[in-house]
$ cat input-v3.cif   # mmCIF, C-alpha atoms
data_query
loop_
_atom_site.label_atom_id
_atom_site.label_comp_id
_atom_site.auth_asym_id
_atom_site.auth_seq_id
_atom_site.Cartn_x
_atom_site.Cartn_y
_atom_site.Cartn_z
CA MET A 20 128.71 102.79 71.38
CA ALA A 21 124.95 102.87 70.88
CA LEU A 22 122.96 99.67 71.42
CA ASN A 23 119.96 100.40 69.21
CA HIS A 24 120.15 96.94 67.66
CA LEU A 25 119.57 95.20 71.00
CA ALA A 26 116.14 94.24 72.31
CA THR A 27 116.95 95.51 75.83
CA ARG A 28 116.98 99.29 75.84
CA TYR A 29 117.35 101.51 78.85
CA THR A 30 117.85 105.01 80.17
CA CYS A 31 119.82 106.60 83.00
CA SER A 32 120.02 110.16 84.35
CA TRP A 33 123.30 109.86 86.27
CA PRO A 34 125.57 111.29 83.53
CA TRP A 35 123.51 114.50 83.55
CA ASN A 36 123.75 115.13 87.29
CA ILE A 37 126.29 113.11 89.24
CA LEU A 38 129.95 112.08 89.25
CA VAL A 39 131.75 109.68 91.59
CA MET A 40 135.38 110.32 92.59
CA LEU A 41 137.33 107.24 93.69
CA CYS A 42 140.02 107.43 96.35
CA ASP A 43 142.72 107.47 93.64
CA GLY A 44 141.18 110.49 91.92
CA ARG A 45 139.60 108.68 88.97
CA ILE A 46 136.02 109.55 88.09
CA VAL A 47 133.50 106.79 87.44
CA CYS A 48 129.92 106.89 86.26
CA GLY A 49 127.61 105.87 89.10
CA CYS A 50 127.91 104.56 92.64
CA SER A 51 127.47 100.91 91.56
CA ASP A 52 130.93 100.41 90.11
CA PRO A 53 132.93 98.75 92.91
CA TYR A 54 135.84 97.66 90.73
CA ALA A 55 136.27 100.83 88.61
CA GLN A 56 135.11 99.35 85.30
CA ARG A 57 133.50 102.53 83.91
CA VAL A 58 136.12 105.27 84.21
CA LEU A 59 135.33 108.68 82.73
CA GLY A 60 138.57 110.46 83.55
CA ASP A 61 141.21 111.19 86.16
CA THR A 62 141.28 114.34 88.29
CA ARG A 63 145.00 113.86 88.95
CA THR A 64 145.65 114.93 85.37
CA THR A 65 142.42 116.58 84.21
CA PRO A 66 140.16 119.25 85.76
CA LEU A 67 136.78 117.96 86.82
CA HIS A 68 134.88 120.25 84.42
CA ALA A 69 136.92 118.83 81.50
CA ILE A 70 135.86 115.30 82.48
CA TRP A 71 132.23 116.42 82.97
CA THR A 72 132.09 118.02 79.53
CA GLY A 73 134.58 115.70 77.83
CA GLU A 74 134.29 113.33 74.91
CA THR A 75 133.68 110.09 76.85
CA ILE A 76 130.73 111.29 78.92
CA THR A 77 129.29 113.35 76.05
CA ARG A 78 129.25 110.27 73.84
CA LEU A 79 127.67 108.30 76.70
CA ARG A 80 124.87 110.87 77.00
CA ALA A 81 124.19 110.74 73.28
CA ASP A 82 124.08 106.94 73.36
CA LEU A 83 121.65 106.95 76.29
CA ASN A 84 119.40 109.32 74.36
CA ALA A 85 119.42 106.63 71.66
CA GLY A 86 118.54 103.84 74.09
CA GLY A 87 121.77 102.45 75.54
CA SER A 88 125.55 102.32 75.51
CA ALA A 89 128.24 99.64 75.56
CA PHE A 90 130.00 101.81 78.16
CA CYS A 91 127.33 100.91 80.73
CA GLY A 92 128.10 97.19 80.75
CA ASP A 93 126.18 95.41 83.51
CA CYS A 94 125.65 98.53 85.63
CA PRO A 95 122.60 97.97 87.86
CA LEU A 96 121.65 101.66 87.74
CA LYS A 97 120.23 101.25 84.22
CA LEU A 98 116.47 101.71 83.95
CA PRO A 99 114.97 99.38 81.31
CA LEU A 100 112.59 100.91 78.79
CA ALA A 101 109.30 99.21 78.07
CA GLU A 102 108.90 97.89 74.54
CA GLY A 103 107.90 100.71 72.23
CA THR A 104 108.88 103.42 74.73
CA ALA A 105 111.20 106.08 73.39
CA PRO A 106 114.18 106.94 75.64
CA PRO A 107 113.95 110.33 77.40
CA GLN A 108 115.77 113.04 75.48
CA ARG A 109 118.10 115.02 77.71
CA GLY A 110 120.16 117.93 76.49
CA LEU A 111 123.81 117.47 75.59
CA ASP A 112 124.66 121.06 76.57
CA VAL A 113 125.18 120.50 80.29
CA PRO A 114 126.22 123.01 82.97
CA PRO A 115 129.98 123.36 83.51
CA GLN A 116 129.94 121.15 86.61
CA PRO A 117 127.77 118.36 88.06
CA SER A 118 125.24 119.18 90.75
CA ARG A 119 126.16 116.22 92.94
CA LEU A 120 129.43 114.48 93.74
CA TYR A 121 130.29 111.25 95.55
CA ILE A 122 133.68 111.30 97.28
CA GLU A 123 135.39 108.04 98.23
CA CYS A 124 138.11 108.42 100.88
CA THR A 125 139.24 104.80 100.68
CA ALA A 126 138.06 101.45 99.38
CA ALA A 127 139.46 99.73 102.47
CA CYS A 128 137.17 98.60 105.27
CA ASN A 129 137.66 97.63 108.90
CA ILE A 130 135.13 94.76 108.74
CA SER A 131 134.00 92.16 106.23
CA CYS A 132 130.31 92.27 105.36
CA PHE A 133 129.00 88.80 104.53
CA GLN A 134 129.25 88.12 100.77
CA ALA A 135 129.41 91.87 99.99
CA CYS A 136 131.03 93.01 96.76
CA CYS A 137 133.22 95.42 98.71
CA ALA A 138 134.42 93.01 101.41
CA PRO A 139 138.24 93.10 101.76
CA GLU A 140 138.64 89.54 100.48
CA THR A 141 137.16 90.51 97.08
CA GLY A 142 140.34 92.42 96.32
CA ILE A 143 138.53 95.73 95.83
CA THR A 144 141.47 97.73 97.17
CA ARG A 145 143.66 96.33 94.40
CA THR A 146 141.41 98.03 91.84
CA ARG A 147 142.45 101.43 93.21
CA GLU A 148 145.70 103.17 92.32
CA ALA A 149 145.95 104.74 95.78
CA GLY A 150 144.89 103.50 99.19
CA MET A 151 143.70 106.80 100.62
CA LEU A 152 142.41 109.96 98.95
CA ASP A 153 145.07 112.66 98.69
CA VAL A 154 143.88 115.66 100.72
CA ASP A 155 145.35 118.22 98.31
CA LEU A 156 143.54 116.52 95.42
CA PHE A 157 140.33 116.47 97.46
CA THR A 158 140.65 120.19 98.18
CA ARG A 159 141.32 121.05 94.55
CA VAL A 160 138.30 119.11 93.27
CA VAL A 161 135.97 120.50 95.94
CA ASP A 162 137.19 124.05 95.32
CA GLU A 163 136.58 123.64 91.59
CA ALA A 164 133.12 122.08 91.79
CA GLY A 165 131.91 123.49 95.10
CA PRO A 166 130.15 126.62 93.83
CA SER A 167 127.90 124.47 91.59
CA LEU A 168 127.32 121.53 93.91
CA GLY A 169 124.04 121.07 95.72
CA ARG A 170 125.09 117.84 97.45
CA ILE A 171 128.17 115.80 98.34
CA ASP A 172 127.84 112.16 99.35
CA PHE A 173 130.94 111.62 101.46
CA PHE A 174 131.21 107.85 101.00
CA ASN A 175 131.25 105.20 98.30
CA TYR A 176 132.98 101.86 98.86
CA GLY A 177 135.07 101.18 101.95
CA GLU A 178 134.75 102.93 105.32
CA ALA A 179 135.30 106.65 104.75
CA PHE A 180 136.39 107.40 108.32
CA LEU A 181 139.37 105.07 108.17
CA HIS A 182 140.96 108.10 106.48
CA LYS A 183 142.66 109.97 109.32
CA ARG A 184 141.55 113.35 107.95
CA ALA A 185 138.00 112.44 106.97
CA VAL A 186 136.33 114.56 109.66
CA GLU A 187 138.59 117.46 108.69
CA MET A 188 137.45 117.05 105.07
CA CYS A 189 133.81 117.31 106.18
CA GLU A 190 134.64 120.47 108.12
CA TYR A 191 136.34 121.90 105.03
CA ILE A 192 133.32 121.27 102.81
CA LYS A 193 130.84 122.90 105.20
CA SER A 194 133.06 125.86 106.12
CA THR A 195 133.98 126.64 102.51
CA PHE A 196 130.68 125.85 100.80
CA PRO A 197 127.94 125.90 103.45
CA GLN A 198 125.22 125.63 100.78
CA ILE A 199 126.27 122.06 99.96
CA TYR A 200 124.10 119.37 101.55
CA LEU A 201 126.70 117.03 103.03
CA TYR A 202 125.71 113.42 103.66
CA THR A 203 127.71 110.43 104.83
CA SER A 204 127.12 106.76 105.58
CA THR A 205 129.40 104.85 107.95
CA ASN A 206 129.60 101.69 110.02
CA GLY A 207 130.63 103.86 112.97
CA LEU A 208 133.55 101.64 113.99
CA ALA A 209 136.47 103.91 113.12
CA PHE A 210 135.50 106.71 115.53
CA THR A 211 136.71 107.66 118.96
CA GLU A 212 134.19 109.47 121.13
CA GLU A 213 135.89 112.77 120.36
CA SER A 214 135.96 112.26 116.58
CA ALA A 215 132.28 111.27 116.65
CA ARG A 216 131.45 114.45 118.54
CA ARG A 217 133.65 116.49 116.22
CA LEU A 218 131.77 115.16 113.18
CA ALA A 219 128.48 116.14 114.84
CA ARG A 220 129.86 119.68 115.25
CA SER A 221 131.26 119.88 111.71
CA GLY A 222 128.08 121.22 110.12
CA ILE A 223 127.42 117.97 108.24
CA ASP A 224 123.75 117.73 107.36
CA GLU A 225 123.04 114.02 107.66
CA VAL A 226 124.82 110.94 109.01
CA THR A 227 123.64 107.36 108.54
CA LEU A 228 125.05 104.57 110.68
CA SER A 229 124.57 101.04 109.34
CA ILE A 230 123.90 98.75 112.32
CA ASP A 231 122.12 95.56 111.31
CA GLY A 232 120.97 94.08 114.57
CA ALA A 233 120.19 94.93 118.18
CA THR A 234 122.67 92.53 119.83
CA GLN A 235 126.29 91.61 119.15
CA GLU A 236 125.29 88.14 117.96
CA THR A 237 122.84 89.27 115.27
CA TYR A 238 124.87 92.33 114.28
CA ALA A 239 128.10 90.42 113.63
CA ARG A 240 126.45 87.79 111.41
CA TYR A 241 126.60 90.32 108.55
CA ARG A 242 129.09 92.91 109.86
CA GLN A 243 131.77 90.28 110.44
CA ARG A 244 134.47 91.40 112.91
CA GLY A 245 132.24 94.34 113.84
CA ARG A 246 131.55 95.36 117.44
CA PHE A 247 128.01 96.33 118.27
CA ASP A 248 129.05 98.20 121.43
CA VAL A 249 131.49 100.40 119.48
CA ALA A 250 128.92 101.24 116.78
CA MET A 251 126.34 102.12 119.44
CA ALA A 252 128.86 104.24 121.36
CA THR A 253 129.45 106.26 118.18
CA LEU A 254 125.72 106.68 117.67
CA ARG A 255 125.23 107.81 121.27
CA ALA A 256 128.12 110.28 121.12
CA MET A 257 126.81 111.94 117.95
CA VAL A 258 123.26 112.23 119.30
CA ASP A 259 124.50 113.54 122.63
CA GLU A 260 126.77 116.15 121.01
CA LYS A 261 123.99 117.36 118.73
CA ARG A 262 121.73 117.74 121.77
CA ARG A 263 124.48 119.42 123.82
CA ILE A 264 125.18 122.14 121.25
CA GLY A 265 121.48 122.65 120.49
CA ARG A 266 121.61 122.19 116.71
CA ASP A 267 119.06 120.61 114.39
CA VAL A 268 121.81 119.09 112.24
CA PRO A 269 123.05 116.54 111.59
CA THR A 270 120.01 114.35 111.05
CA ILE A 271 121.17 111.05 112.53
CA ASN A 272 119.85 107.83 111.01
CA TRP A 273 120.16 104.23 112.15
CA ARG A 274 119.76 102.01 109.09
CA TYR A 275 119.16 98.31 109.76
CA ILE A 276 119.33 95.77 106.91
CA LEU A 277 116.88 92.90 107.44
CA PHE A 278 118.22 89.34 107.18
CA THR A 279 116.86 85.95 108.18
CA TRP A 280 118.69 86.15 111.53
CA ASN A 281 117.65 89.66 112.63
CA ASP A 282 114.05 90.07 111.38
CA SER A 283 112.17 88.70 114.40
CA ASP A 284 109.68 90.89 116.24
CA GLU A 285 111.83 90.57 119.36
CA GLU A 286 115.00 91.81 117.66
CA MET A 287 113.29 94.64 115.78
CA ASP A 288 111.42 95.81 118.88
CA ARG A 289 114.69 95.85 120.78
CA ALA A 290 116.14 98.13 118.10
CA ARG A 291 113.08 100.39 118.38
CA ARG A 292 113.55 100.66 122.15
CA ILE A 293 117.27 101.42 121.86
CA ALA A 294 116.70 104.05 119.16
CA THR A 295 114.00 105.71 121.27
CA GLU A 296 116.21 105.71 124.36
CA ILE A 297 119.22 107.18 122.55
CA GLY A 298 117.13 109.76 120.70
CA VAL A 299 118.20 109.13 117.10
CA ASP A 300 116.23 111.01 114.50
CA ARG A 301 115.35 107.99 112.41
CA LEU A 302 115.45 104.20 112.53
CA THR A 303 114.61 102.45 109.27
CA TRP A 304 114.70 98.96 107.85
CA GLU A 305 116.59 98.26 104.64
CA ILE A 306 115.11 95.62 102.33
CA THR A 307 117.63 93.66 100.24
CA ASP A 308 117.62 90.64 97.94
CA HIS A 309 121.13 89.43 98.76
CA PRO A 310 123.04 87.45 99.84
CA GLU A 311 120.90 84.78 98.26
CA GLY A 312 120.57 82.57 101.34
CA ALA A 313 120.44 85.36 103.90
CA PHE A 314 117.97 88.09 102.97
CA SER A 315 114.71 88.31 104.91
CA ARG A 316 111.97 86.22 103.29
CA ARG A 317 109.52 87.49 105.89
CA PHE A 318 109.64 91.06 104.60
CA VAL A 319 109.77 90.49 100.85
CA PRO A 320 107.92 93.46 99.25
CA GLY A 321 104.28 92.56 98.71
CA SER A 322 104.11 90.15 101.64
CA PRO A 323 101.65 90.77 104.51
CA ASP A 324 104.50 91.36 106.96
CA TYR A 325 106.10 93.89 104.61
CA GLU A 326 102.85 95.86 104.55
CA LEU A 327 103.01 96.10 108.35
CA ILE A 328 106.37 97.92 108.18
CA ARG A 329 106.00 99.65 104.81
CA TYR A 330 106.18 103.12 106.37
CA GLU A 331 109.27 102.12 108.35
CA VAL A 332 111.36 101.15 105.29
CA TRP A 333 114.27 103.35 104.16
CA ASP A 334 113.34 103.47 100.46
CA THR A 335 109.62 104.18 100.95
CA SER A 336 110.10 107.82 101.94
CA ASN A 337 112.76 109.97 103.55
CA LEU A 338 110.29 110.60 106.38
CA CYS A 339 109.55 106.94 107.18
CA ASN A 340 110.58 105.89 110.68
CA ALA A 341 110.43 102.70 112.76
CA ILE A 342 110.58 104.60 116.06
CA PRO A 343 107.02 104.51 117.46
CA GLY A 344 105.22 107.79 116.81
CA ALA A 345 108.10 109.31 114.84
CA THR A 346 106.68 108.94 111.33
CA PRO A 347 104.79 112.22 110.75
CA ARG A 348 101.00 112.05 110.63
CA ALA A 349 98.58 114.96 110.33
CA ARG A 350 94.91 115.73 109.88
CA ILE A 351 93.94 118.74 107.80
CA ASP A 352 90.41 120.14 107.91
CA VAL A 353 89.27 122.85 105.51
CA ASP A 354 86.94 125.40 107.13
CA THR A 355 84.24 126.76 104.83
CA ALA A 356 80.82 128.20 105.52
CA PHE A 357 79.22 125.33 103.59
CA PRO A 358 81.41 122.21 104.02
CA SER A 359 79.50 120.18 101.43
CA LEU A 360 80.07 122.75 98.69
CA PRO A 361 83.28 123.29 96.66
CA ILE A 362 85.63 126.21 97.16
CA ILE A 363 84.63 128.88 94.63
CA GLY A 364 86.98 131.46 93.21
CA ARG A 365 87.36 133.78 90.27
CA ARG A 366 89.99 133.58 87.57
CA GLY A 367 93.07 135.66 88.31
CA LYS A 368 92.18 136.24 91.95
CA THR A 369 93.82 134.89 95.12
CA LEU A 370 91.83 132.62 97.40
CA LYS A 371 92.30 132.57 101.17
CA VAL A 372 91.53 129.12 102.50
CA HIS A 373 91.22 128.60 106.25
CA THR A 374 92.41 125.25 107.58
CA ARG A 375 92.94 123.44 110.86
CA VAL A 376 96.08 121.29 111.09
CA ARG A 377 96.47 118.68 113.85
CA ASN A 378 99.70 116.83 114.66
CA LEU A 379 98.81 113.15 115.03
CA SER A 380 102.39 111.96 115.62
CA GLU A 381 104.57 112.06 118.72
CA ARG A 382 107.18 114.53 117.49
CA PRO A 383 106.68 118.26 116.87
CA PHE A 384 106.38 119.77 113.42
CA PRO A 385 109.10 122.47 113.25
CA ARG A 386 108.19 125.85 111.77
CA VAL A 387 111.81 126.83 111.16
CA ALA A 388 115.11 125.07 110.60
CA SER A 389 118.68 126.34 110.62
CA TYR A 390 119.08 126.06 106.86
CA GLY A 391 115.57 125.95 105.36
CA ARG A 392 115.35 122.17 105.06
CA ARG A 393 113.11 119.85 107.09
CA LEU A 394 110.94 122.70 108.32
CA VAL A 395 107.24 121.87 107.90
CA ARG A 396 104.73 123.90 105.88
CA LEU A 397 101.19 123.42 104.69
CA GLY A 398 100.99 122.83 100.95
CA ALA A 399 98.23 122.80 98.37
CA GLN A 400 98.60 120.74 95.20
CA LEU A 401 96.48 121.58 92.16
CA CYS A 402 94.64 118.58 90.69
CA ASP A 403 92.35 118.12 87.73
CA GLN A 404 88.68 117.32 88.30
CA GLY A 405 89.48 113.62 88.67
CA GLY A 406 92.10 114.20 91.36
CA THR A 407 95.29 113.76 89.30
CA VAL A 408 97.98 116.17 90.45
CA THR A 409 98.85 118.70 87.75
CA GLU A 410 100.95 121.11 89.82
CA ARG A 411 102.48 119.72 92.99
CA ASP A 412 104.07 122.85 94.41
CA TYR A 413 101.07 125.09 93.82
CA ALA A 414 100.88 126.96 97.13
CA ARG A 415 102.54 127.01 100.57
CA ALA A 416 101.69 128.47 103.96
CA TRP A 417 103.88 128.90 107.02
CA LEU A 418 102.85 127.37 110.30
CA PRO A 419 102.22 129.96 113.05
CA HIS A 420 104.68 128.13 115.34
CA ASP A 421 105.97 124.63 116.00
CA ILE A 422 103.04 122.23 116.32
CA ALA A 423 103.44 120.00 119.36
CA PRO A 424 102.22 116.38 119.34
CA GLY A 425 98.43 116.33 119.55
CA GLN A 426 98.17 120.11 119.03
CA GLU A 427 95.86 121.72 116.47
CA VAL A 428 96.48 125.13 114.89
CA ARG A 429 94.70 127.29 112.36
CA VAL A 430 96.58 128.00 109.14
CA VAL A 431 95.47 130.33 106.34
CA ILE A 432 96.86 129.44 102.94
CA GLU A 433 96.70 131.84 99.99
CA ILE A 434 96.05 130.04 96.72
CA PRO A 435 96.24 131.70 93.30
CA ALA A 436 93.21 130.83 91.20
CA PRO A 437 94.02 128.86 88.03
CA ALA A 438 94.12 130.95 84.86
CA ARG A 439 91.33 128.94 83.20
CA THR A 440 87.78 128.59 84.41
CA GLY A 441 86.51 125.14 85.24
CA ARG A 442 86.46 122.46 87.89
CA TYR A 443 89.53 121.35 89.80
CA GLN A 444 90.49 119.80 93.11
CA LEU A 445 92.92 121.00 95.74
CA LYS A 446 94.94 118.43 97.67
CA PHE A 447 96.13 119.66 101.07
CA ASP A 448 99.13 118.02 102.69
CA LEU A 449 102.05 118.93 104.93
CA VAL A 450 105.55 118.94 103.48
CA SER A 451 108.93 118.64 105.13
CA GLU A 452 110.77 121.05 102.87
CA GLY A 453 113.59 119.51 100.87
CA VAL A 454 112.66 116.03 102.08
CA SER A 455 109.15 114.75 101.26
CA TRP A 456 105.41 115.24 101.45
CA PHE A 457 103.75 113.58 104.43
CA GLU A 458 101.52 111.54 102.08
CA ALA A 459 104.58 109.51 101.02
CA CYS A 460 104.87 108.06 104.52
CA GLY A 461 101.17 107.29 104.97
CA SER A 462 99.70 110.53 106.30
CA GLN A 463 96.19 111.33 105.06
CA THR A 464 95.65 114.19 102.65
CA THR A 465 92.52 116.29 102.25
CA LEU A 466 90.88 116.78 98.84
CA LYS A 467 88.54 119.71 98.28
CA PRO A 468 86.68 120.52 95.02
CA LEU A 469 87.51 123.89 93.47
CA VAL A 470 85.38 125.78 90.94
CA ILE A 471 86.84 128.75 89.09
CA LEU A 472 84.40 131.24 87.60
CA PRO A 473 85.11 133.91 84.95
#
$ encode --input "input-v3.cif" --output "structure tokens"
Amino acid sequence: MALNHLATRYTCSWPWNILVMLCDGRIVCGCSDPYAQRVLGDTRTTPLHAIWTGETITRLRADLNAGGSAFCGDCPLKLPLAEGTAPPQRGLDVPPQPSRLYIECTAACNISCFQACCAPETGITRTREAGMLDVDLFTRVVDEAGPSLGRIDFFNYGEAFLHKRAVEMCEYIKSTFPQIYLYTSTNGLAFTEESARRLARSGIDEVTLSIDGATQETYARYRQRGRFDVAMATLRAMVDEKRRIGRDVPTINWRYILFTWNDSDEEMDRARRIATEIGVDRLTWEITDHPEGAFSRRFVPGSPDYELIRYEVWDTSNLCNAIPGATPRARIDVDTAFPSLPIIGRRGKTLKVHTRVRNLSERPFPRVASYGRRLVRLGAQLCDQGGTVTERDYARAWLPHDIAPGQEVRVVIEIPAPARTGRYQLKFDLVSEGVSWFEACGSQTTLKPLVILP
């Protein structure tokens, strides 16, 4: 299946990490296969581990190591290789199970998104051999793979919560394998108030609601047959239930795709006000290049207007936020006796660096979290003399307590001296553990020269 003779060569890491289970139990390679054109196996007849280590996917991995495979077809997940660049070489001896699994409950949907590949009129449901995922099959696959999974994405094509037992499935995942990070994306239209609240109590880690507008008129231009009031009622119920039970999960996102009809300042500011009033964790804009006549020209990446919202865009960073003051910002000052001089240490010794950390945003920085993710710590990254990061996770320090908006605290971070003498730099930044460094969403870092003596 190798494509070495073709000029276009590419790589892909999906077959080494992720599988996607369709609602009929078949396994496909990647989340961009709406019509089931790249089937790896069938869990109705074959254990998941046998598919994961089987002949088809093993041959695919070998072909990708050689620069491409006929199996991939026109999959948009392929990453082209520059001319003369050798494809990354990944091992063919993989763990017994994937580390991440997409689960599709159904390919059916309760609305028709304008010119979407998964709209009901495309016939996507006819490409599935079952309309709804069998719960016994779901349980068997999750039980088999669960001990090895780090994440389950509980969606694919269709609206997952049209399945009458979808919330129950989420509860099963989190009660049986609490270590799994469980994420879902939904249009929010299939919920009653009680089922929305039940999902918020299920232990699910993150829920994204796709609501592309701030009024019924703009929202329904893309989400055809959708009801803005119903989607917002679901959003409100989930946020209210999370607040009522006093949990820090799920993280609740409002994702808003920008089109020509909903990208005005007035409409976007209205969404910001609603999100602030409800209390969602995150509002972000989604940038798309389709449908051809509908996507926002105003916010094309690289445009001046795009730069104004760059740290509010979904794909920029998992910390980006369009709610005013919600994107994390910090200032870190390094306290030394002689501020103009570098930090000096000796090889093999531990340095204690005193810092002052100020919260410049309008939300607190949490010191702890219920499951060790999204808590904030001070980090030091080791850089070479020119400032290039050589070791990103070099050192960490706990905050003394939650840092309120505008508050400054002193933090001592212990840094192991590099093994070799010479000149380095330390980059100080805050990190939301398991999510992202603050720098990725526009927060300033602090660079300090470091000299290591014998």
$ closest_atom_pairs --input "input-v3.cif" --of "region 84-144 of chain A" --to "region 221-239 of chain A" --cutoff "12 Å" --atoms "only C-alpha atoms" --output "JSON lines"
{"residue": "A:Ile130", "atom": "CA", "partner": "A:Ala239", "partner_atom": "CA", "distance": 9.6}
{"residue": "A:Ser131", "atom": "CA", "partner": "A:Ala239", "partner_atom": "CA", "distance": 9.6}
{"residue": "A:Cys132", "atom": "CA", "partner": "A:Ala239", "partner_atom": "CA", "distance": 8.8}
{"residue": "A:Phe133", "atom": "CA", "partner": "A:Ala239", "partner_atom": "CA", "distance": 9.3}
$ atom_distance --input "input-v3.cif" --atom1 "CA of Ala81 (chain A)" --atom2 "CA of Leu111 (chain A)"
7.1 Å
$ residues_around --input "input-v3.cif" --residues "region 301-315 of chain A" --least-positions-apart "3" --cutoff "6 Å" --atoms "all atoms listed in the file" --output "ChimeraX atom specification"
/A:272-279,318,331-333,340-341
$ write_last_selection --input "input-v3.cif" --atoms "C-alpha atoms" --output "PDB file, in the frame of the given file"
ATOM      1  CA  ASN A 272     119.850 107.830 111.010  1.00  0.00           C
ATOM      2  CA  TRP A 273     120.160 104.230 112.150  1.00  0.00           C
ATOM      3  CA  ARG A 274     119.760 102.010 109.090  1.00  0.00           C
ATOM      4  CA  TYR A 275     119.160  98.310 109.760  1.00  0.00           C
ATOM      5  CA  ILE A 276     119.330  95.770 106.910  1.00  0.00           C
ATOM      6  CA  LEU A 277     116.880  92.900 107.440  1.00  0.00           C
ATOM      7  CA  PHE A 278     118.220  89.340 107.180  1.00  0.00           C
ATOM      8  CA  THR A 279     116.860  85.950 108.180  1.00  0.00           C
ATOM      9  CA  PHE A 318     109.640  91.060 104.600  1.00  0.00           C
ATOM     10  CA  GLU A 331     109.270 102.120 108.350  1.00  0.00           C
ATOM     11  CA  VAL A 332     111.360 101.150 105.290  1.00  0.00           C
ATOM     12  CA  TRP A 333     114.270 103.350 104.160  1.00  0.00           C
ATOM     13  CA  ASN A 340     110.580 105.890 110.680  1.00  0.00           C
ATOM     14  CA  ALA A 341     110.430 102.700 112.760  1.00  0.00           C
TER      15      ALA A 341
END
$ closest_residue --input "input-v3.cif" --among "A:Leu181, A:Ala215, A:Val268, A:Ala89" --to "Leu201 (chain A)" --atoms "all atoms listed in the file"
A:Val268
$ resolve_selection --input "input-v3.cif" --expression "the PyMOL selection byres ((chain A and resi 67-78) around 10)" --output "ChimeraX atom specification"
/A:20-21,34-38,40,45-46,48,58-66,79-84,88,90,111-117,159-161,163-164
$ write_last_selection --input "input-v3.cif" --atoms "C-alpha atoms" --output "tab-separated table (two decimals), keeping the file's coordinate frame"
chain	number	residue	atom	x	y	z
A	20	MET	CA	128.71	102.79	71.38
A	21	ALA	CA	124.95	102.87	70.88
A	34	PRO	CA	125.57	111.29	83.53
A	35	TRP	CA	123.51	114.50	83.55
A	36	ASN	CA	123.75	115.13	87.29
A	37	ILE	CA	126.29	113.11	89.24
A	38	LEU	CA	129.95	112.08	89.25
A	40	MET	CA	135.38	110.32	92.59
A	45	ARG	CA	139.60	108.68	88.97
A	46	ILE	CA	136.02	109.55	88.09
A	48	CYS	CA	129.92	106.89	86.26
A	58	VAL	CA	136.12	105.27	84.21
A	59	LEU	CA	135.33	108.68	82.73
A	60	GLY	CA	138.57	110.46	83.55
A	61	ASP	CA	141.21	111.19	86.16
A	62	THR	CA	141.28	114.34	88.29
A	63	ARG	CA	145.00	113.86	88.95
A	64	THR	CA	145.65	114.93	85.37
A	65	THR	CA	142.42	116.58	84.21
A	66	PRO	CA	140.16	119.25	85.76
A	79	LEU	CA	127.67	108.30	76.70
A	80	ARG	CA	124.87	110.87	77.00
A	81	ALA	CA	124.19	110.74	73.28
A	82	ASP	CA	124.08	106.94	73.36
A	83	LEU	CA	121.65	106.95	76.29
A	84	ASN	CA	119.40	109.32	74.36
A	88	SER	CA	125.55	102.32	75.51
A	90	PHE	CA	130.00	101.81	78.16
A	111	LEU	CA	123.81	117.47	75.59
A	112	ASP	CA	124.66	121.06	76.57
A	113	VAL	CA	125.18	120.50	80.29
A	114	PRO	CA	126.22	123.01	82.97
A	115	PRO	CA	129.98	123.36	83.51
A	116	GLN	CA	129.94	121.15	86.61
A	117	PRO	CA	127.77	118.36	88.06
A	159	ARG	CA	141.32	121.05	94.55
A	160	VAL	CA	138.30	119.11	93.27
A	161	VAL	CA	135.97	120.50	95.94
A	163	GLU	CA	136.58	123.64	91.59
A	164	ALA	CA	133.12	122.08	91.79
